[in-house]
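Next up, input_3.tsv (TSV, C-alpha atoms):
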```tsv
chain	number	residue	atom	x	y	z
A	390	MET	CA	10.28	-26.70	-5.48
A	391	PRO	CA	10.49	-30.53	-5.15
A	392	MET	CA	13.36	-31.97	-3.16
A	393	ALA	CA	16.08	-33.41	-5.39
A	394	LYS	CA	18.05	-36.46	-4.30
A	395	ALA	CA	21.75	-36.95	-4.71
A	396	THR	CA	23.89	-40.04	-4.24
A	397	ASN	CA	25.41	-41.20	-0.95
A	398	GLY	CA	22.45	-39.86	1.05
A	399	LEU	CA	23.12	-36.27	0.02
A	400	ARG	CA	20.11	-34.06	-0.63
A	401	VAL	CA	20.13	-30.82	-2.58
A	402	PRO	CA	18.80	-27.90	-0.46
A	403	THR	CA	15.15	-26.88	-0.70
A	404	PHE	CA	13.59	-23.78	0.82
A	405	ILE	CA	11.40	-24.11	3.89
A	406	GLN	CA	10.83	-20.34	4.03
A	407	GLU	CA	11.59	-18.29	0.93
A	408	PRO	CA	11.73	-14.49	1.32
A	409	PRO	CA	9.03	-12.28	-0.28
A	410	PRO	CA	9.65	-10.48	-3.59
A	411	ARG	CA	9.51	-7.02	-1.97
A	412	LEU	CA	10.49	-5.56	1.38
A	413	LEU	CA	9.39	-1.99	2.14
A	414	PHE	CA	10.22	-0.44	5.51
A	415	SER	CA	10.73	2.83	7.34
A	416	ASN	CA	14.08	4.06	8.60
A	417	ASP	CA	12.36	4.63	11.98
A	418	THR	CA	11.48	0.99	12.45
A	419	GLY	CA	13.98	-1.10	10.50
A	420	THR	CA	13.02	-4.62	9.47
A	421	GLN	CA	14.25	-8.14	8.95
A	422	VAL	CA	13.66	-10.92	6.46
A	423	SER	CA	14.19	-14.63	7.08
A	424	CYS	CA	15.25	-17.45	4.80
A	425	THR	CA	15.45	-21.10	5.84
A	426	ALA	CA	16.26	-24.25	3.91
A	427	HIS	CA	16.95	-27.91	4.57
A	428	GLY	CA	18.98	-30.64	2.91
A	429	ASN	CA	21.66	-33.19	3.74
A	430	PRO	CA	24.07	-32.10	5.01
A	431	PRO	CA	22.27	-29.04	6.44
A	432	PRO	CA	22.83	-26.16	4.00
A	433	VAL	CA	24.61	-22.93	4.76
A	434	VAL	CA	22.29	-19.97	4.15
A	435	SER	CA	23.73	-16.65	2.98
A	436	TRP	CA	22.64	-13.56	1.04
A	437	VAL	CA	23.96	-12.32	-2.29
A	438	LEU	CA	23.56	-9.04	-4.15
A	439	SER	CA	22.27	-8.55	-7.69
A	440	ASP	CA	25.80	-8.78	-9.12
A	441	GLY	CA	26.33	-12.16	-7.44
A	442	THR	CA	28.70	-10.93	-4.74
A	443	MET	CA	28.16	-11.85	-1.11
A	444	ALA	CA	26.22	-9.41	1.08
A	445	THR	CA	28.33	-8.64	4.12
A	446	GLN	CA	27.83	-6.84	7.40
A	447	VAL	CA	27.62	-3.05	7.25
A	448	PRO	CA	27.96	-1.73	10.83
A	449	GLY	CA	24.74	-0.12	12.02
A	450	LEU	CA	22.98	-0.62	8.66
A	451	ARG	CA	22.97	-4.30	7.69
A	452	LYS	CA	23.42	-7.41	9.80
A	453	ILE	CA	23.37	-11.04	8.71
A	454	ALA	CA	22.54	-13.59	11.37
A	455	GLY	CA	23.81	-17.17	11.32
A	456	ASN	CA	20.25	-18.48	11.03
A	457	GLY	CA	19.74	-16.88	7.60
A	458	THR	CA	18.04	-13.70	8.79
A	459	LEU	CA	18.93	-10.44	7.02
A	460	TYR	CA	18.42	-7.56	9.44
A	461	PHE	CA	18.20	-3.82	8.71
A	462	PRO	CA	18.35	-1.81	11.97
A	463	PRO	CA	16.63	1.60	12.33
A	464	PHE	CA	18.89	4.37	11.03
A	465	LEU	CA	19.08	8.15	10.79
A	466	SER	CA	18.27	9.69	7.44
A	467	GLN	CA	21.84	10.89	6.87
A	468	TYR	CA	23.04	7.26	6.89
A	469	TYR	CA	20.81	6.14	4.04
A	470	ARG	CA	22.79	4.15	1.46
A	471	THR	CA	21.39	3.11	-1.91
A	472	ASP	CA	23.61	0.01	-2.08
A	473	VAL	CA	22.15	-1.18	1.26
A	474	HIS	CA	18.65	0.27	1.48
A	475	GLU	CA	17.49	0.29	-2.15
A	476	THR	CA	18.80	-2.75	-3.91
A	477	THR	CA	18.06	-6.39	-4.76
A	478	TYR	CA	19.05	-9.38	-2.65
A	479	ARG	CA	18.74	-13.14	-3.08
A	480	CYS	CA	18.94	-15.86	-0.49
A	481	ARG	CA	21.39	-18.67	-1.24
A	482	ALA	CA	21.42	-22.13	0.36
A	483	THR	CA	24.33	-24.44	-0.39
A	484	ASN	CA	25.72	-27.80	0.70
A	485	GLU	CA	27.86	-30.56	-0.84
A	486	ALA	CA	24.95	-31.68	-3.01
A	487	GLY	CA	24.25	-28.33	-4.65
A	488	THR	CA	23.15	-24.71	-4.40
A	489	ILE	CA	19.79	-22.99	-4.79
A	490	LEU	CA	18.88	-19.30	-5.07
A	491	SER	CA	15.64	-17.61	-4.01
A	492	ARG	CA	13.59	-15.21	-6.07
A	493	ASN	CA	14.82	-11.61	-6.19
A	494	VAL	CA	13.97	-9.61	-3.07
A	495	ARG	CA	13.64	-5.90	-3.80
A	496	VAL	CA	14.50	-3.98	-0.64
A	497	GLN	CA	13.48	-0.34	-0.25
A	498	ALA	CA	13.88	1.75	2.87
A	499	VAL	CA	11.72	4.87	3.15
A	500	VAL	CA	13.13	7.85	5.02
A	501	ARG	CA	10.49	9.43	7.23
A	502	ARG	CA	8.87	12.50	5.71
A	503	GLN	CA	6.12	14.73	6.98
A	504	PHE	CA	2.93	14.68	4.94
A	505	HIS	CA	-0.48	16.35	4.96
A	506	VAL	CA	-3.75	15.20	3.45
A	507	HIS	CA	-6.80	17.15	2.38
A	508	VAL	CA	-10.29	16.44	1.08
A	509	GLU	CA	-10.75	17.65	-2.49
A	510	SER	CA	-13.62	20.06	-3.02
A	511	THR	CA	-16.54	18.10	-4.48
A	512	GLU	CA	-19.61	19.36	-6.29
A	513	VAL	CA	-22.56	17.05	-6.98
A	514	PHE	CA	-26.07	17.41	-8.31
A	515	LEU	CA	-28.96	16.34	-6.10
A	516	GLY	CA	-29.88	12.66	-6.56
A	517	ASN	CA	-26.58	11.79	-8.24
A	518	SER	CA	-23.59	10.04	-6.68
A	519	ALA	CA	-20.51	11.79	-5.31
A	520	LEU	CA	-16.92	10.55	-5.18
A	521	ILE	CA	-15.08	12.39	-2.41
A	522	LYS	CA	-11.30	12.02	-2.61
A	523	CYS	CA	-8.72	12.11	0.17
A	524	ALA	CA	-5.68	13.67	-1.52
A	525	ILE	CA	-2.41	12.03	-0.43
A	526	PRO	CA	0.93	13.45	-1.70
A	527	ASP	CA	2.53	11.36	-4.47
A	528	TYR	CA	5.81	11.02	-2.55
A	529	VAL	CA	4.15	8.96	0.21
A	530	ARG	CA	1.25	7.41	-1.70
A	531	THR	CA	2.77	3.91	-1.89
A	532	TYR	CA	2.69	3.46	1.88
A	533	VAL	CA	0.16	6.03	3.21
A	534	LYS	CA	-3.41	4.71	3.10
A	535	VAL	CA	-6.83	6.05	4.08
A	536	ALA	CA	-7.74	4.51	7.45
A	537	SER	CA	-11.21	6.04	7.84
A	538	TRP	CA	-13.60	8.84	6.95
A	539	GLN	CA	-15.64	10.98	9.31
A	540	ARG	CA	-19.08	12.21	8.25
A	541	GLY	CA	-20.28	14.55	10.98
A	542	ASP	CA	-20.02	12.35	14.10
A	543	GLU	CA	-20.11	9.09	12.12
A	544	ILE	CA	-16.91	7.10	11.48
A	545	LEU	CA	-16.78	5.18	8.20
A	546	LEU	CA	-14.24	2.35	7.90
A	547	PRO	CA	-13.08	0.64	4.67
A	548	ASP	CA	-13.42	-2.88	6.06
A	549	LEU	CA	-16.91	-2.27	7.43
A	550	SER	CA	-18.45	-0.49	4.46
A	551	ASP	CA	-21.73	-1.90	3.20
A	552	VAL	CA	-21.30	-1.90	-0.59
A	553	ALA	CA	-25.09	-1.71	-0.92
A	554	GLY	CA	-25.34	1.28	1.43
A	555	ARG	CA	-25.28	4.97	0.64
A	556	TYR	CA	-21.77	5.55	2.04
A	557	VAL	CA	-18.95	3.28	0.87
A	558	VAL	CA	-15.23	3.68	1.56
A	559	LEU	CA	-13.63	2.15	-1.53
A	560	SER	CA	-11.09	-0.52	-0.63
A	561	THR	CA	-8.76	0.11	-3.55
A	562	SER	CA	-8.46	3.92	-3.41
A	563	GLY	CA	-9.79	4.97	0.01
A	564	ASP	CA	-12.21	7.41	-1.65
A	565	LEU	CA	-15.67	7.94	-0.15
A	566	TYR	CA	-18.54	7.08	-2.50
A	567	VAL	CA	-21.93	8.63	-1.65
A	568	ARG	CA	-24.94	7.25	-3.49
A	569	SER	CA	-28.13	9.17	-4.28
A	570	VAL	CA	-26.99	12.42	-2.68
A	571	ARG	CA	-29.61	14.20	-0.59
A	572	THR	CA	-29.84	17.76	0.67
A	573	GLU	CA	-28.92	16.54	4.17
A	574	ASP	CA	-25.53	15.37	2.85
A	575	SER	CA	-24.56	19.03	2.41
A	576	LEU	CA	-25.28	19.83	6.07
A	577	VAL	CA	-22.42	17.81	7.58
A	578	LYS	CA	-18.65	18.01	7.23
A	579	TYR	CA	-16.37	15.30	5.84
A	580	SER	CA	-12.75	14.56	6.75
A	581	CYS	CA	-10.35	11.68	6.13
A	582	LEU	CA	-7.73	10.03	8.32
A	583	ALA	CA	-4.61	8.65	6.61
A	584	THR	CA	-2.05	6.30	8.15
A	585	ASN	CA	1.60	5.69	7.32
A	586	THR	CA	1.59	1.88	7.17
A	587	LEU	CA	5.35	1.73	7.82
A	588	ASN	CA	5.59	3.65	11.10
A	589	GLY	CA	1.99	4.33	12.18
A	590	ASP	CA	2.03	8.12	11.72
A	591	ARG	CA	-1.48	9.54	11.23
A	592	GLN	CA	-2.75	12.72	9.65
A	593	ARG	CA	-6.33	13.98	9.58
A	594	SER	CA	-7.54	16.40	6.93
A	595	ASP	CA	-9.52	19.53	7.58
A	596	ALA	CA	-13.28	18.96	7.47
A	597	VAL	CA	-15.10	20.25	4.38
A	598	MET	CA	-18.70	20.48	3.20
A	599	LEU	CA	-20.13	18.62	0.19
A	600	GLN	CA	-21.51	21.09	-2.35
A	601	VAL	CA	-24.94	19.82	-3.42
A	602	LYS	CA	-26.73	21.61	-6.26
A	603	GLU	CA	-30.21	21.22	-7.68
A	604	LEU	CA	-30.84	20.84	-11.39
A	605	SER	CA	-33.93	22.35	-13.03
A	606	GLN	CA	-33.01	21.35	-16.57
A	607	ASN	CA	-31.75	18.28	-18.39
A	608	LEU	CA	-28.03	17.59	-18.29
A	609	ALA	CA	-26.20	15.08	-20.48
A	610	PRO	CA	-24.06	12.58	-18.54
A	611	ARG	CA	-20.68	14.00	-17.54
A	612	THR	CA	-17.81	13.18	-15.21
A	613	THR	CA	-14.70	14.70	-13.67
A	614	GLN	CA	-13.42	11.27	-12.63
A	615	LYS	CA	-9.91	10.59	-13.91
A	616	PRO	CA	-9.41	7.28	-15.72
A	617	VAL	CA	-7.54	4.58	-13.81
A	618	MET	CA	-5.44	2.35	-16.05
A	619	ASP	CA	-4.52	-0.32	-13.49
A	620	ILE	CA	-5.96	-1.49	-10.19
A	621	HIS	CA	-3.71	-3.70	-8.08
A	622	VAL	CA	-5.37	-6.01	-5.59
A	623	GLU	CA	-4.33	-9.13	-3.71
A	624	ARG	CA	-6.00	-12.37	-4.73
A	625	GLY	CA	-9.18	-12.99	-2.74
A	626	ASN	CA	-9.79	-9.32	-1.85
A	627	ASP	CA	-12.71	-7.19	-3.05
A	628	VAL	CA	-12.35	-4.57	-5.78
A	629	HIS	CA	-14.52	-1.43	-5.92
A	630	MET	CA	-14.77	0.28	-9.32
A	631	PRO	CA	-17.03	3.33	-9.05
A	632	CYS	CA	-18.65	4.91	-12.09
A	633	ASN	CA	-18.89	8.55	-11.03
A	634	ILE	CA	-21.06	10.07	-13.76
A	635	GLN	CA	-23.69	12.75	-13.17
A	636	GLY	CA	-26.66	13.81	-15.23
A	637	ASN	CA	-30.34	14.78	-15.22
A	638	PRO	CA	-32.32	12.60	-15.46
A	639	PHE	CA	-30.06	10.32	-13.43
A	640	PRO	CA	-28.00	8.17	-15.87
A	641	ILE	CA	-28.54	4.44	-16.30
A	642	PHE	CA	-25.26	2.56	-15.75
A	643	THR	CA	-24.05	-0.61	-17.46
```

As a first step, turn the structure in this file into structure tokens.
Amino acid sequence: MPMAKATNGLRVPTFIQEPPPRLLFSNDTGTQVSCTAHGNPPPVVSWVLSDGTMATQVPGLRKIAGNGTLYFPPFLSQYYRTDVHETTYRCRATNEAGTILSRNVRVQAVVRRQFHVHVESTEVFLGNSALIKCAIPDYVRTYVKVASWQRGDEILLPDLSDVAGRYVVLSTSGDLYVRSVRTEDSLVKYSCLATNTLNGDRQRSDAVMLQVKELSQNLAPRTTQKPVMDIHVERGNDVHMPCNIQGNPFPIFT
């Protein structure tokens, strides 16, 4: 936002640091979000709620520092409050020359919950490609991500996957994609490791075998892959879109 000028040397506030549109955190860790602005005279920075009223201190749950920082301390699950931990805030900077408001900041605290992951049973025909899924419960899916896969003694990491190799950990879903499946792929066990990105909790699945079958007759292309309507990715990052279709002879993909 360009800096606006007012008369008598006054300057309307402009943001130096505007808060992000979303703030997701665990009740174990708490979090804070900063907002800074400048102008002449120096603006007063405060926080307002979605209805326009001023956000005030809530002992043990919400603190507002004089430097414009909104702080949410760690809290026990029984002290969760929707009006504090799951609501919308905006940063406001005001001086004699004027007032500005930040974008909406959607705050959501997540109360710690135990979760377990498992590798879905996968059947693939020899020479085809397999998509092995690490099943994460829906209630934690937004903040629990696949950190790695283990194939026998080999560790496979999303950031180090060779997209041209036979084993690729897909960056968008965390699934393990195995190209041109061989008999040897059925002789090792596969497991996934999932991490809670809010508090660092980790869970490893049980190890399972890949079921590899041979085909002696022709098979029209088929798939058990569920359609994905939307893939969300940050600008500049890679996107992996597997086409998990099996057949005999091996299908040609376009």

What lies within 7 Å of region 535-551 of chain A using all atoms listed in the file, ignoring chain neighbours under 2 positions off, as a list in words?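 My list of contacting residues is Ala553, Gly554, Val557, Val558, Leu559, Ser560, Gly563, Val577, Lys578, Tyr579, Ser580, Cys581, Leu582, Ala583 and Thr584 of chain A.
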
Can you work out which one of A:Ala426, A:Leu604, A:Leu587, A:Leu459 has the shortest atom-to-atom distance to Val500 (chain A), counting all atoms listed in the file? A:Leu587

Considering all atoms listed in the file, state which residue in the set A:Phe639, A:Tyr460, A:Trp436, A:Phe404 is at the smallest distance from Val422 (chain A). A:Tyr460

From the set A:Ser518, A:Asn456, A:Ser466, A:Thr612, which residue has the shortest atom-to-atom contact distance to Cys424 (chain A), counting only C-alpha atoms?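 Of A:Ser518, A:Asn456, A:Ser466, A:Thr612, the one nearest Cys424 (chain A) is A:Asn456, counting only C-alpha atoms.
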
I'd like the interatomic distance between CA of Ile634 (chain A) and CA of Phe514 (chain A), to a tenth of an Å.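 Between CA of Ile634 (chain A) and CA of Phe514 (chain A) the gap works out to 10.4 Å.
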
Please return, as a list in words, all polymer residues that have at least one atom within 7 Å of the point (-16.2, 7.4, -8.1); use all atoms listed in the file and the file's own coordinate frame. Ala519, Leu520, Tyr566, Gln614, Pro631, Cys632 and Asn633 of chain A

Keeping C-alpha atoms for every residue in the selection just given, could you write it to a file as a short mmCIF file (atom, residue, chain, number, x, y, z; two decimals), in the coordinates of the input?
```cif
data_model
loop_
_atom_site.label_atom_id
_atom_site.label_comp_id
_atom_site.auth_asym_id
_atom_site.auth_seq_id
_atom_site.Cartn_x
_atom_site.Cartn_y
_atom_site.Cartn_z
CA ALA A 519 -20.51 11.79 -5.31
CA LEU A 520 -16.92 10.55 -5.18
CA TYR A 566 -18.54 7.08 -2.50
CA GLN A 614 -13.42 11.27 -12.63
CA PRO A 631 -17.03 3.33 -9.05
CA CYS A 632 -18.65 4.91 -12.09
CA ASN A 633 -18.89 8.55 -11.03
#
```

Have a look at A:Thr511, A:Tyr532, A:Val401, A:Leu412 and name the one nearest to Thr483 (chain A); count all atoms listed in the file.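 That would be A:Val401, the residue with the smallest distance to Thr483 (chain A).
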
Which residue is closest to Val508 (chain A)? Choose from A:Val622, A:Leu576, A:Ala596, A:Val628 and count all atoms listed in the file. A:Ala596

Work out how far CA of Gly636 (chain A) is from CA of Val597 (chain A), in Å to one decimal. 23.7 Å

To one decimal place in Å, what is the distance between CA of Arg591 (chain A) and CA of Tyr528 (chain A)?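 Between CA of Arg591 (chain A) and CA of Tyr528 (chain A) the gap is 15.7 Å.
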
Any idea what's packed within 7 Å of His474 (chain A), counting only C-alpha atoms, ignoring anything in its chain fewer than 2 positions away? Could you give it as a list in words? Tyr469, Arg470, Thr471, Asp472, Thr476, Val496, Gln497 and Ala498 of chain A

Polymer residues at most 10 Å from Ile405 (chain A), only C-alpha atoms, same-chain spacing of 3 or more positions, as a list of chain:residue names: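 In the requested form, the answer reads A:Met390, A:Pro402, A:Pro408, A:Cys424, A:Thr425, A:Ala426, A:His427.
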
Name the residues in contact with Tyr478 (chain A) at a cut-off of 7 Å, using only C-alpha atoms, excluding same-chain residues fewer than 5 positions from it; report them as a ChimeraX atom specification. /A:436-439,493-495

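Compared by their closest atoms to Arg451 (chain A), and using only C-alpha atoms, the residues A:Ala609, A:Val434, A:Leu413, A:Val473 rank with A:Val473 nearest.
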
For region 583-586 of chain A, I'd like the enclosing box, axis-aligned and padded by 8 Å on every side, reported as lines of an AutoDock Vina configuration file with centre and edge lengths in Å to one decimal.
```
center_x = -1.5
center_y = 5.3
center_z = 7.4
size_x = 22.2
size_y = 22.8
size_z = 17.5
```
